[in-house]
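Content type mmCIF, C-alpha atoms, from the file final_9.cif:
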data_model
#
loop_
_atom_site.group_PDB
_atom_site.id
_atom_site.type_symbol
_atom_site.label_atom_id
_atom_site.label_comp_id
_atom_site.auth_asym_id
_atom_site.auth_seq_id
_atom_site.Cartn_x
_atom_site.Cartn_y
_atom_site.Cartn_z
ATOM 1 C CA MET A 630 -10.329 57.859 -23.560
ATOM 2 C CA ALA A 631 -13.659 59.667 -23.901
ATOM 3 C CA LEU A 632 -13.745 63.235 -25.156
ATOM 4 C CA LYS A 633 -14.393 65.864 -22.506
ATOM 5 C CA LYS A 634 -16.846 68.196 -24.166
ATOM 6 C CA THR A 635 -16.072 71.907 -24.096
ATOM 7 C CA GLU A 636 -18.320 74.833 -24.967
ATOM 8 C CA TRP A 637 -16.943 76.217 -28.225
ATOM 9 C CA ILE A 638 -15.432 75.017 -31.511
ATOM 10 C CA TRP A 639 -13.952 77.380 -34.093
ATOM 11 C CA HIS A 640 -15.364 76.878 -37.605
ATOM 12 C CA ASN A 641 -14.355 78.936 -40.639
ATOM 13 C CA GLY A 642 -13.620 82.020 -38.572
ATOM 14 C CA LYS A 643 -16.512 81.832 -36.088
ATOM 15 C CA MET A 644 -17.106 80.263 -32.687
ATOM 16 C CA ILE A 645 -19.951 77.747 -32.734
ATOM 17 C CA PRO A 646 -21.355 75.570 -29.919
ATOM 18 C CA TRP A 647 -19.720 72.148 -29.579
ATOM 19 C CA ASP A 648 -22.882 70.276 -30.577
ATOM 20 C CA GLN A 649 -23.307 72.325 -33.749
ATOM 21 C CA ALA A 650 -19.962 71.206 -35.200
ATOM 22 C CA GLN A 651 -21.542 68.746 -37.631
ATOM 23 C CA ILE A 652 -20.981 67.647 -41.225
ATOM 24 C CA HIS A 653 -23.186 65.977 -43.823
ATOM 25 C CA VAL A 654 -22.818 62.206 -44.169
ATOM 26 C CA LEU A 655 -21.987 62.727 -47.855
ATOM 27 C CA SER A 656 -19.177 65.154 -47.150
ATOM 28 C CA HIS A 657 -16.166 64.083 -49.189
ATOM 29 C CA VAL A 658 -14.120 63.405 -46.068
ATOM 30 C CA VAL A 659 -16.516 60.679 -44.907
ATOM 31 C CA SER A 660 -16.115 58.517 -48.012
ATOM 32 C CA TYR A 661 -12.499 59.242 -48.843
ATOM 33 C CA GLY A 662 -10.695 60.397 -45.690
ATOM 34 C CA SER A 663 -9.831 63.712 -47.324
ATOM 35 C CA SER A 664 -8.613 65.602 -44.273
ATOM 36 C CA VAL A 665 -5.438 66.944 -42.737
ATOM 37 C CA PHE A 666 -5.088 67.666 -39.046
ATOM 38 C CA GLU A 667 -2.817 68.520 -36.149
ATOM 39 C CA GLY A 668 -2.514 67.764 -32.461
ATOM 40 C CA ILE A 669 -1.206 70.491 -30.159
ATOM 41 C CA ARG A 670 -0.862 70.523 -26.393
ATOM 42 C CA CYS A 671 -1.506 73.579 -24.298
ATOM 43 C CA TYR A 672 0.282 73.354 -20.949
ATOM 44 C CA GLU A 673 -0.446 75.000 -17.631
ATOM 45 C CA THR A 674 2.716 76.940 -16.831
ATOM 46 C CA LYS A 675 3.697 79.166 -13.908
ATOM 47 C CA HIS A 676 3.014 82.091 -16.249
ATOM 48 C CA GLY A 677 -0.409 80.852 -17.380
ATOM 49 C CA PRO A 678 -1.596 78.490 -20.139
ATOM 50 C CA ALA A 679 0.685 78.249 -23.172
ATOM 51 C CA ALA A 680 0.490 76.256 -26.411
ATOM 52 C CA PHE A 681 3.562 74.226 -27.334
ATOM 53 C CA ARG A 682 5.104 75.102 -30.717
ATOM 54 C CA LEU A 683 1.785 76.443 -31.941
ATOM 55 C CA ARG A 684 3.008 78.064 -35.138
ATOM 56 C CA GLU A 685 5.113 75.053 -36.148
ATOM 57 C CA HIS A 686 2.052 72.835 -35.874
ATOM 58 C CA MET A 687 -0.071 75.237 -37.877
ATOM 59 C CA GLN A 688 2.659 75.475 -40.500
ATOM 60 C CA ARG A 689 2.682 71.692 -40.807
ATOM 61 C CA LEU A 690 -1.121 71.741 -41.161
ATOM 62 C CA VAL A 691 -0.839 74.179 -44.046
ATOM 63 C CA HIS A 692 1.962 72.130 -45.618
ATOM 64 C CA SER A 693 -0.041 68.895 -45.270
ATOM 65 C CA GLY A 694 -2.944 70.543 -47.036
ATOM 66 C CA HIS A 695 -0.674 71.852 -49.779
ATOM 67 C CA ILE A 696 0.644 68.341 -50.470
ATOM 68 C CA TYR A 697 -2.959 67.139 -50.904
ATOM 69 C CA ARG A 698 -3.905 70.216 -52.988
ATOM 70 C CA MET A 699 -5.993 71.578 -50.126
ATOM 71 C CA GLU A 700 -4.947 75.209 -49.915
ATOM 72 C CA SER A 701 -5.715 76.613 -46.487
ATOM 73 C CA PRO A 702 -8.147 79.554 -46.484
ATOM 74 C CA TYR A 703 -6.288 80.852 -43.411
ATOM 75 C CA THR A 704 -2.692 81.824 -42.735
ATOM 76 C CA VAL A 705 -0.514 80.258 -40.070
ATOM 77 C CA GLU A 706 -0.865 83.439 -38.021
ATOM 78 C CA GLN A 707 -4.673 83.451 -38.317
ATOM 79 C CA LEU A 708 -4.874 79.812 -37.279
ATOM 80 C CA SER A 709 -2.520 80.381 -34.340
ATOM 81 C CA THR A 710 -4.518 83.375 -33.143
ATOM 82 C CA ALA A 711 -7.764 81.414 -33.482
ATOM 83 C CA ALA A 712 -6.370 78.519 -31.434
ATOM 84 C CA ALA A 713 -5.326 80.838 -28.605
ATOM 85 C CA GLU A 714 -8.748 82.502 -28.660
ATOM 86 C CA LEU A 715 -10.464 79.103 -28.574
ATOM 87 C CA VAL A 716 -8.581 78.000 -25.452
ATOM 88 C CA ARG A 717 -9.430 81.296 -23.747
ATOM 89 C CA GLU A 718 -13.109 81.066 -24.687
ATOM 90 C CA ASN A 719 -13.288 77.549 -23.263
ATOM 91 C CA HIS A 720 -11.561 78.680 -20.025
ATOM 92 C CA LEU A 721 -8.974 75.889 -20.058
ATOM 93 C CA ASN A 722 -5.623 75.999 -18.265
ATOM 94 C CA SER A 723 -4.321 72.963 -20.139
ATOM 95 C CA CYS A 724 -5.767 71.026 -23.043
ATOM 96 C CA TYR A 725 -5.290 69.280 -26.354
ATOM 97 C CA ILE A 726 -5.988 71.357 -29.474
ATOM 98 C CA ARG A 727 -7.170 69.683 -32.699
ATOM 99 C CA PRO A 728 -6.959 71.768 -35.908
ATOM 100 C CA LEU A 729 -8.775 70.003 -38.734
ATOM 101 C CA MET A 730 -9.099 70.875 -42.404
ATOM 102 C CA ILE A 731 -11.527 68.727 -44.405
ATOM 103 C CA ARG A 732 -13.165 68.520 -47.802
ATOM 104 C CA GLY A 733 -16.855 69.020 -47.185
ATOM 105 C CA TYR A 734 -20.173 68.529 -48.965
ATOM 106 C CA GLY A 735 -20.163 69.102 -52.719
ATOM 107 C CA ASP A 736 -19.619 65.903 -54.695
ATOM 108 C CA VAL A 737 -19.080 62.212 -53.962
ATOM 109 C CA ASN A 738 -16.757 61.672 -56.906
ATOM 110 C CA VAL A 739 -13.173 60.605 -56.195
ATOM 111 C CA ASN A 740 -12.169 63.996 -57.612
ATOM 112 C CA PRO A 741 -12.188 66.193 -54.484
ATOM 113 C CA LEU A 742 -11.760 69.584 -56.129
ATOM 114 C CA PRO A 743 -15.474 70.578 -56.333
ATOM 115 C CA CYS A 744 -15.821 70.142 -52.552
ATOM 116 C CA PRO A 745 -15.376 73.120 -50.226
ATOM 117 C CA ILE A 746 -12.593 73.172 -47.650
ATOM 118 C CA GLU A 747 -13.882 73.456 -44.090
ATOM 119 C CA THR A 748 -11.593 74.422 -41.215
ATOM 120 C CA TYR A 749 -12.280 73.530 -37.596
ATOM 121 C CA LEU A 750 -10.389 74.003 -34.335
ATOM 122 C CA ALA A 751 -11.456 72.145 -31.199
ATOM 123 C CA CYS A 752 -9.894 71.728 -27.763
ATOM 124 C CA TRP A 753 -10.561 69.619 -24.691
ATOM 125 C CA GLU A 754 -8.890 68.353 -21.546
ATOM 126 C CA TRP A 755 -6.616 65.378 -22.176
ATOM 127 C CA GLY A 756 -4.139 63.558 -19.973
ATOM 128 C CA ALA A 757 -1.231 61.239 -20.732
ATOM 129 C CA TYR A 758 -1.837 59.355 -23.997
ATOM 130 C CA LEU A 759 -0.495 55.956 -22.921
ATOM 131 C CA GLY A 760 -1.407 56.350 -19.249
ATOM 132 C CA ALA A 761 -0.063 58.579 -16.483
ATOM 133 C CA GLU A 762 2.316 55.891 -15.211
ATOM 134 C CA ALA A 763 3.797 55.298 -18.674
ATOM 135 C CA LEU A 764 6.038 58.390 -18.516
ATOM 136 C CA GLU A 765 7.929 56.832 -15.612
ATOM 137 C CA GLN A 766 7.448 53.088 -15.857
ATOM 138 C CA GLY A 767 7.422 52.727 -19.630
ATOM 139 C CA VAL A 768 5.180 50.615 -21.828
ATOM 140 C CA ASP A 769 5.316 47.226 -23.552
ATOM 141 C CA VAL A 770 5.171 47.370 -27.345
ATOM 142 C CA CYS A 771 5.514 45.042 -30.325
ATOM 143 C CA VAL A 772 6.779 45.231 -33.869
ATOM 144 C CA SER A 773 3.695 45.317 -36.057
ATOM 145 C CA SER A 774 2.969 42.985 -38.947
ATOM 146 C CA TRP A 775 1.707 46.074 -40.781
ATOM 147 C CA ALA A 776 4.398 48.027 -42.642
ATOM 148 C CA ARG A 777 4.446 51.820 -42.803
ATOM 149 C CA LEU A 778 3.405 53.595 -45.977
ATOM 150 C CA ALA A 779 5.548 52.845 -49.016
ATOM 151 C CA PRO A 780 7.212 55.755 -50.820
ATOM 152 C CA ASN A 781 5.142 57.313 -53.581
ATOM 153 C CA THR A 782 1.872 55.803 -52.344
ATOM 154 C CA LEU A 783 0.538 58.066 -49.596
ATOM 155 C CA PRO A 784 2.781 60.989 -48.548
ATOM 156 C CA SER A 785 4.194 60.273 -45.086
ATOM 157 C CA MET A 786 5.222 63.904 -44.602
ATOM 158 C CA ALA A 787 1.554 64.952 -44.616
ATOM 159 C CA LYS A 788 -0.440 64.478 -41.429
ATOM 160 C CA ALA A 789 -3.553 63.319 -43.254
ATOM 161 C CA GLY A 790 -6.594 61.450 -42.019
ATOM 162 C CA ALA A 791 -6.362 58.782 -44.729
ATOM 163 C CA ASN A 792 -2.781 57.966 -43.710
ATOM 164 C CA TYR A 793 -3.996 57.068 -40.237
ATOM 165 C CA MET A 794 -5.976 54.060 -41.434
ATOM 166 C CA ASN A 795 -2.538 52.432 -41.478
ATOM 167 C CA SER A 796 -1.944 53.694 -37.941
ATOM 168 C CA GLN A 797 -5.248 52.246 -36.768
ATOM 169 C CA LEU A 798 -4.285 48.797 -38.031
ATOM 170 C CA ILE A 799 -0.956 49.014 -36.178
ATOM 171 C CA ARG A 800 -2.560 50.141 -32.918
ATOM 172 C CA MET A 801 -5.487 47.687 -32.985
ATOM 173 C CA GLU A 802 -3.225 44.736 -33.704
ATOM 174 C CA ALA A 803 -0.928 45.700 -30.830
ATOM 175 C CA MET A 804 -3.790 46.091 -28.356
ATOM 176 C CA ALA A 805 -5.398 42.816 -29.463
ATOM 177 C CA ASN A 806 -2.140 41.074 -28.601
ATOM 178 C CA GLY A 807 -1.783 42.711 -25.187
ATOM 179 C CA TYR A 808 0.608 45.554 -26.014
ATOM 180 C CA ALA A 809 0.189 49.277 -25.443
ATOM 181 C CA GLU A 810 1.420 50.232 -28.917
ATOM 182 C CA GLY A 811 3.019 48.921 -32.084
ATOM 183 C CA ILE A 812 6.188 49.841 -33.964
ATOM 184 C CA ALA A 813 5.956 49.783 -37.741
ATOM 185 C CA LEU A 814 8.812 48.935 -40.069
ATOM 186 C CA ASP A 815 9.151 50.609 -43.447
ATOM 187 C CA THR A 816 8.773 48.605 -46.664
ATOM 188 C CA ASN A 817 12.505 47.795 -46.574
ATOM 189 C CA GLY A 818 12.239 46.299 -43.094
ATOM 190 C CA TYR A 819 13.868 49.161 -41.185
ATOM 191 C CA VAL A 820 12.325 50.773 -38.106
ATOM 192 C CA SER A 821 9.949 53.597 -39.030
ATOM 193 C CA GLU A 822 7.713 54.831 -36.180
ATOM 194 C CA GLY A 823 4.822 53.987 -33.890
ATOM 195 C CA SER A 824 1.195 54.327 -34.932
ATOM 196 C CA GLY A 825 1.282 57.969 -33.886
ATOM 197 C CA GLU A 826 4.747 58.511 -32.433
ATOM 198 C CA ASN A 827 8.324 58.959 -33.559
ATOM 199 C CA ILE A 828 10.904 56.658 -32.032
ATOM 200 C CA PHE A 829 14.395 57.175 -30.567
ATOM 201 C CA ILE A 830 16.996 54.590 -29.549
ATOM 202 C CA VAL A 831 19.762 55.136 -26.991
ATOM 203 C CA ARG A 832 22.911 53.074 -27.405
ATOM 204 C CA ASP A 833 26.347 53.684 -25.878
ATOM 205 C CA GLY A 834 25.425 57.220 -24.826
ATOM 206 C CA ALA A 835 24.239 58.335 -28.286
ATOM 207 C CA ILE A 836 20.706 58.695 -29.633
ATOM 208 C CA LEU A 837 19.517 57.403 -33.005
ATOM 209 C CA THR A 838 16.259 58.118 -34.802
ATOM 210 C CA PRO A 839 15.027 57.023 -38.236
ATOM 211 C CA PRO A 840 15.339 59.564 -41.068
ATOM 212 C CA LEU A 841 12.317 60.972 -42.887
ATOM 213 C CA ALA A 842 13.091 58.602 -45.762
ATOM 214 C CA ALA A 843 11.947 55.716 -43.535
ATOM 215 C CA SER A 844 8.312 56.843 -44.011
ATOM 216 C CA VAL A 845 8.473 59.010 -40.914
ATOM 217 C CA LEU A 846 6.220 61.966 -40.128
ATOM 218 C CA PRO A 847 8.425 65.008 -39.377
ATOM 219 C CA GLY A 848 7.259 65.245 -35.775
ATOM 220 C CA ILE A 849 7.311 68.576 -33.977
ATOM 221 C CA THR A 850 8.256 66.849 -30.715
ATOM 222 C CA ARG A 851 10.821 64.794 -32.639
ATOM 223 C CA GLY A 852 12.516 68.034 -33.697
ATOM 224 C CA THR A 853 12.269 69.316 -30.141
ATOM 225 C CA ILE A 854 14.145 66.284 -28.814
ATOM 226 C CA VAL A 855 16.916 66.751 -31.375
ATOM 227 C CA THR A 856 17.309 70.360 -30.217
ATOM 228 C CA LEU A 857 17.317 69.353 -26.530
ATOM 229 C CA CYS A 858 19.984 66.741 -27.220
ATOM 230 C CA GLN A 859 22.142 69.412 -28.813
ATOM 231 C CA ASP A 860 21.537 71.687 -25.812
ATOM 232 C CA LEU A 861 22.498 68.936 -23.366
ATOM 233 C CA GLY A 862 25.509 67.684 -25.304
ATOM 234 C CA ILE A 863 23.953 64.304 -26.111
ATOM 235 C CA PRO A 864 25.052 62.973 -29.520
ATOM 236 C CA VAL A 865 22.042 62.474 -31.805
ATOM 237 C CA ARG A 866 21.864 61.409 -35.431
ATOM 238 C CA GLU A 867 19.427 60.124 -38.029
ATOM 239 C CA GLU A 868 20.196 56.597 -39.138
ATOM 240 C CA MET A 869 18.446 53.607 -40.703
ATOM 241 C CA ILE A 870 17.699 51.278 -37.784
ATOM 242 C CA PRO A 871 17.393 47.499 -38.201
ATOM 243 C CA ARG A 872 14.690 45.817 -36.153
ATOM 244 C CA GLU A 873 17.101 43.843 -34.004
ATOM 245 C CA LEU A 874 18.774 47.020 -32.752
ATOM 246 C CA LEU A 875 15.587 47.670 -30.767
ATOM 247 C CA TYR A 876 16.233 44.552 -28.694
ATOM 248 C CA ILE A 877 19.800 45.429 -27.742
ATOM 249 C CA ALA A 878 19.305 49.142 -27.195
ATOM 250 C CA ASP A 879 20.079 50.642 -23.785
ATOM 251 C CA GLU A 880 16.894 52.712 -23.929
ATOM 252 C CA VAL A 881 14.056 53.281 -26.392
ATOM 253 C CA PHE A 882 11.413 55.980 -26.206
ATOM 254 C CA PHE A 883 8.494 57.371 -28.196
ATOM 255 C CA THR A 884 7.886 61.068 -28.791
ATOM 256 C CA GLY A 885 4.842 62.968 -29.977
ATOM 257 C CA THR A 886 2.328 65.601 -28.993
ATOM 258 C CA ALA A 887 0.160 62.953 -27.371
ATOM 259 C CA ALA A 888 2.899 60.595 -26.127
ATOM 260 C CA GLU A 889 5.259 63.449 -25.105
ATOM 261 C CA ILE A 890 8.350 61.398 -24.117
ATOM 262 C CA THR A 891 7.298 57.853 -23.254
ATOM 263 C CA PRO A 892 9.908 55.156 -22.516
ATOM 264 C CA LEU A 893 9.533 51.591 -23.805
ATOM 265 C CA ARG A 894 10.343 48.885 -21.301
ATOM 266 C CA SER A 895 10.024 45.966 -23.719
ATOM 267 C CA VAL A 896 9.670 45.213 -27.417
ATOM 268 C CA ASP A 897 8.170 41.858 -28.456
ATOM 269 C CA ARG A 898 8.449 40.739 -24.799
ATOM 270 C CA ILE A 899 12.209 41.367 -24.895
ATOM 271 C CA THR A 900 13.257 43.642 -22.030
ATOM 272 C CA ILE A 901 14.948 46.878 -23.056
ATOM 273 C CA GLY A 902 17.885 47.803 -20.838
ATOM 274 C CA ALA A 903 16.833 47.580 -17.194
ATOM 275 C CA GLY A 904 13.153 47.277 -18.130
ATOM 276 C CA ARG A 905 12.271 50.775 -16.989
ATOM 277 C CA ARG A 906 12.918 54.388 -17.899
ATOM 278 C CA GLY A 907 16.614 54.934 -18.509
ATOM 279 C CA PRO A 908 18.798 57.865 -17.391
ATOM 280 C CA ILE A 909 18.990 59.638 -20.766
ATOM 281 C CA THR A 910 15.236 59.376 -21.283
ATOM 282 C CA LYS A 911 14.709 60.810 -17.795
ATOM 283 C CA ARG A 912 17.175 63.615 -18.447
ATOM 284 C CA LEU A 913 15.294 64.602 -21.595
ATOM 285 C CA GLN A 914 11.931 64.342 -19.834
ATOM 286 C CA ASP A 915 13.150 66.539 -16.979
ATOM 287 C CA GLU A 916 14.404 69.215 -19.375
ATOM 288 C CA PHE A 917 11.304 69.007 -21.580
ATOM 289 C CA PHE A 918 8.783 69.329 -18.764
ATOM 290 C CA ALA A 919 10.818 71.969 -16.929
ATOM 291 C CA ILE A 920 10.573 74.215 -19.996
ATOM 292 C CA LEU A 921 6.887 73.441 -20.511
ATOM 293 C CA SER A 922 6.009 74.176 -16.893
ATOM 294 C CA GLY A 923 7.934 77.437 -16.836
ATOM 295 C CA ALA A 924 10.431 76.111 -14.284
ATOM 296 C CA LYS A 925 13.184 76.759 -16.835
ATOM 297 C CA PRO A 926 13.383 79.590 -19.382
ATOM 298 C CA ASP A 927 11.714 79.043 -22.734
ATOM 299 C CA ARG A 928 15.019 79.650 -24.496
ATOM 300 C CA HIS A 929 13.767 78.510 -27.911
ATOM 301 C CA ASN A 930 10.440 80.403 -27.792
ATOM 302 C CA TRP A 931 8.433 77.193 -27.993
ATOM 303 C CA LEU A 932 5.535 78.394 -25.834
ATOM 304 C CA THR A 933 2.786 80.731 -27.012
ATOM 305 C CA PRO A 934 0.799 82.262 -24.109
ATOM 306 C CA VAL A 935 -2.941 81.995 -24.670
ATOM 307 C CA ALA A 936 -4.148 84.125 -21.761
ATOM 308 C CA ALA A 937 -3.650 87.207 -23.942
ATOM 309 C CA PRO A 938 -3.972 87.768 -27.710
ATOM 310 C CA VAL A 939 -1.139 86.218 -29.707
ATOM 311 C CA SER A 940 1.454 88.783 -30.717
ATOM 312 C CA SER A 941 2.798 88.663 -34.248
ATOM 313 C CA ALA A 942 6.071 90.108 -32.984
ATOM 314 C CA ARG A 943 7.373 86.776 -31.637
#

Once more with this new file: its structure as structure tokens, please.
Amino acid sequence: MALKKTEWIWHNGKMIPWDQAQIHVLSHVVSYGSSVFEGIRCYETKHGPAAFRLREHMQRLVHSGHIYRMESPYTVEQLSTAAAELVRENHLNSCYIRPLMIRGYGDVNVNPLPCPIETYLACWEWGAYLGAEALEQGVDVCVSSWARLAPNTLPSMAKAGANYMNSQLIRMEAMANGYAEGIALDTNGYVSEGSGENIFIVRDGAILTPPLAASVLPGITRGTIVTLCQDLGIPVREEMIPRELLYIADEVFFTGTAAEITPLRSVDRITIGAGRRGPITKRLQDEFFAILSGAKPDRHNWLTPVAAPVSSAR
């Protein structure tokens, strides 16, 4: 999916034209992947454009940087305010927001500390990640031959650019074999997550999801689904999930900022349930999108309006 260029990108506290958001080829991030980032959706609601769980995403950005000894020059509140301003300046009703913190030009040594930290925020129009029809019809996925990150190698709780080399291998392998996406197992052989999505399994009316100890990114949408399940009275628990449980699940779905709530209709060419979106997945989708559209009250204060300056009172 090609980027849809917008007018402005936020860089270190200032708006700059899209085409001027450039880095030197010897910036540390180019050689070593020394970056942390976020993905945030801004939805068009009946009350105007609003960013979904903006502060939680910015908090995770700051935490990811802290894990990699990249201390953010900006607070969560400053980053949230800047993101809202960026969407307004680009006159977008809905979009994808990409905060990015990188180590820039300074040294090409493995030691990153002499390199300055550069902070960027960009936004652009973006539709359904796995295709518009995927939210209803589901997608076909496979279990990847690539395992997720082992403990004490790269930190799975950080959303870091270098970590996503693993994700690229998972996604490219899946696509090369005719699947929309891949599911990675952890180094013990238990289900971990997709290349860029958390995973949930529905069985006998209850929902299971792998714990963070299974090399799982603590997804913002993942946490949202847990809260919605509690709201709707659907039992949900974290549990180590063996691969074969995927095949005999009643429903399986991905979650993430990009994927939102995407059902899986097959895994490794084995049909899941009825081979289409199941009733619990649909129930969660309906509740999720009703809140995001403004059709239902934002009872958990997940939406930050961007049509006006962000208030620190919320």

Computed interatomic separation between atom CA of A:Glu826 and atom CA of A:Pro702 (Å): 28.4 Å

Point out the residue among A:Ile920, A:Ala763, A:Val691, A:Leu729 with the least atom-to-atom distance to A:Thr853, counting all atoms listed in the file. A:Ile920

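Here atom CA of A:Lys633 is placed at a distance of 19.9 Å from atom CA of A:Ile652.
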
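Evaluated on this file, the PyMOL selection byres ((chain A and resi 766) around 12) matches Leu759, Gly760, Ala761, Glu762, Ala763, Leu764, Glu765, Gly767, Val768, Asp769, Phe882, Ile890, Thr891, Pro892, Leu893, Arg894, Ser895, Ala903, Gly904, Arg905, Arg906, Gly907, Thr910 and Lys911 of chain A.
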
Please determine an axis-aligned box that encloses all atoms of stretch 645-648 of chain A listed in the file, with 5 Å added on each side, and express its centre and edge lengths in Å to one decimal as lines of an AutoDock Vina configuration file.
center_x = -21.3
center_y = 74.0
center_z = -31.2
size_x = 13.2
size_y = 17.5
size_z = 13.2

For this structure, which residues satisfy the selection - the PyMOL selection byres ((chain A and resi 830) around 6) - when it is evaluated on the file as given? I want them as a PyMOL selection string. chain A and resi 829+831+836-837+880-881

Hey, can you spit out that residue selection with C-alpha atoms as a JSON list (two decimals), keeping the file's coordinate frame?
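Everything below was put into again-v8.json:
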[["chain", "number", "residue", "atom", "x", "y", "z"],
["A", 829, "PHE", "CA", 14.40, 57.18, -30.57],
["A", 831, "VAL", "CA", 19.76, 55.14, -26.99],
["A", 836, "ILE", "CA", 20.71, 58.70, -29.63],
["A", 837, "LEU", "CA", 19.52, 57.40, -33.01],
["A", 880, "GLU", "CA", 16.89, 52.71, -23.93],
["A", 881, "VAL", "CA", 14.06, 53.28, -26.39]]

Residue IDs satisfying the PyMOL selection byres ((chain A and resi 887) around 12), as number ranges by chain: A: 667-671, 681, 724-727, 755-761, 764, 824-827, 848-850, 883-886, 888-891

Next, write the just-selected residues to a file, as a PDB file, in the coordinates of the input, keeping C-alpha atoms as the atom set.
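Now in again.pdb:
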ATOM      1  CA  GLU A 667      -2.817  68.520 -36.149  1.00  0.00           C
ATOM      2  CA  GLY A 668      -2.514  67.764 -32.461  1.00  0.00           C
ATOM      3  CA  ILE A 669      -1.206  70.491 -30.159  1.00  0.00           C
ATOM      4  CA  ARG A 670      -0.862  70.523 -26.393  1.00  0.00           C
ATOM      5  CA  CYS A 671      -1.506  73.579 -24.298  1.00  0.00           C
ATOM      6  CA  PHE A 681       3.562  74.226 -27.334  1.00  0.00           C
ATOM      7  CA  CYS A 724      -5.767  71.026 -23.043  1.00  0.00           C
ATOM      8  CA  TYR A 725      -5.290  69.280 -26.354  1.00  0.00           C
ATOM      9  CA  ILE A 726      -5.988  71.357 -29.474  1.00  0.00           C
ATOM     10  CA  ARG A 727      -7.170  69.683 -32.699  1.00  0.00           C
ATOM     11  CA  TRP A 755      -6.616  65.378 -22.176  1.00  0.00           C
ATOM     12  CA  GLY A 756      -4.139  63.558 -19.973  1.00  0.00           C
ATOM     13  CA  ALA A 757      -1.231  61.239 -20.732  1.00  0.00           C
ATOM     14  CA  TYR A 758      -1.837  59.355 -23.997  1.00  0.00           C
ATOM     15  CA  LEU A 759      -0.495  55.956 -22.921  1.00  0.00           C
ATOM     16  CA  GLY A 760      -1.407  56.350 -19.249  1.00  0.00           C
ATOM     17  CA  ALA A 761      -0.063  58.579 -16.483  1.00  0.00           C
ATOM     18  CA  LEU A 764       6.038  58.390 -18.516  1.00  0.00           C
ATOM     19  CA  SER A 824       1.195  54.327 -34.932  1.00  0.00           C
ATOM     20  CA  GLY A 825       1.282  57.969 -33.886  1.00  0.00           C
ATOM     21  CA  GLU A 826       4.747  58.511 -32.433  1.00  0.00           C
ATOM     22  CA  ASN A 827       8.324  58.959 -33.559  1.00  0.00           C
ATOM     23  CA  GLY A 848       7.259  65.245 -35.775  1.00  0.00           C
ATOM     24  CA  ILE A 849       7.311  68.576 -33.977  1.00  0.00           C
ATOM     25  CA  THR A 850       8.256  66.849 -30.715  1.00  0.00           C
ATOM     26  CA  PHE A 883       8.494  57.371 -28.196  1.00  0.00           C
ATOM     27  CA  THR A 884       7.886  61.068 -28.791  1.00  0.00           C
ATOM     28  CA  GLY A 885       4.842  62.968 -29.977  1.00  0.00           C
ATOM     29  CA  THR A 886       2.328  65.601 -28.993  1.00  0.00           C
ATOM     30  CA  ALA A 888       2.899  60.595 -26.127  1.00  0.00           C
ATOM     31  CA  GLU A 889       5.259  63.449 -25.105  1.00  0.00           C
ATOM     32  CA  ILE A 890       8.350  61.398 -24.117  1.00  0.00           C
ATOM     33  CA  THR A 891       7.298  57.853 -23.254  1.00  0.00           C
TER      34      THR A 891
END

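Nearest-residue note for A:Ile746: choosing from A:Tyr734, A:Tyr672, A:Tyr661, A:Trp931, the minimum distance belongs to A:Tyr734, counting all atoms listed in the file.
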
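Shortest separation to A:Ala650 among A:Ile828, A:Ala679, A:Ile638, A:Val737 occurs at residue A:Ile638, atoms counted being all atoms listed in the file.
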
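When all atoms listed in the file are used to compute distances to A:Val772, the closest of the residues A:Gln707, A:Asn806, A:Gln649, A:Asn792 turns out to be A:Asn806.
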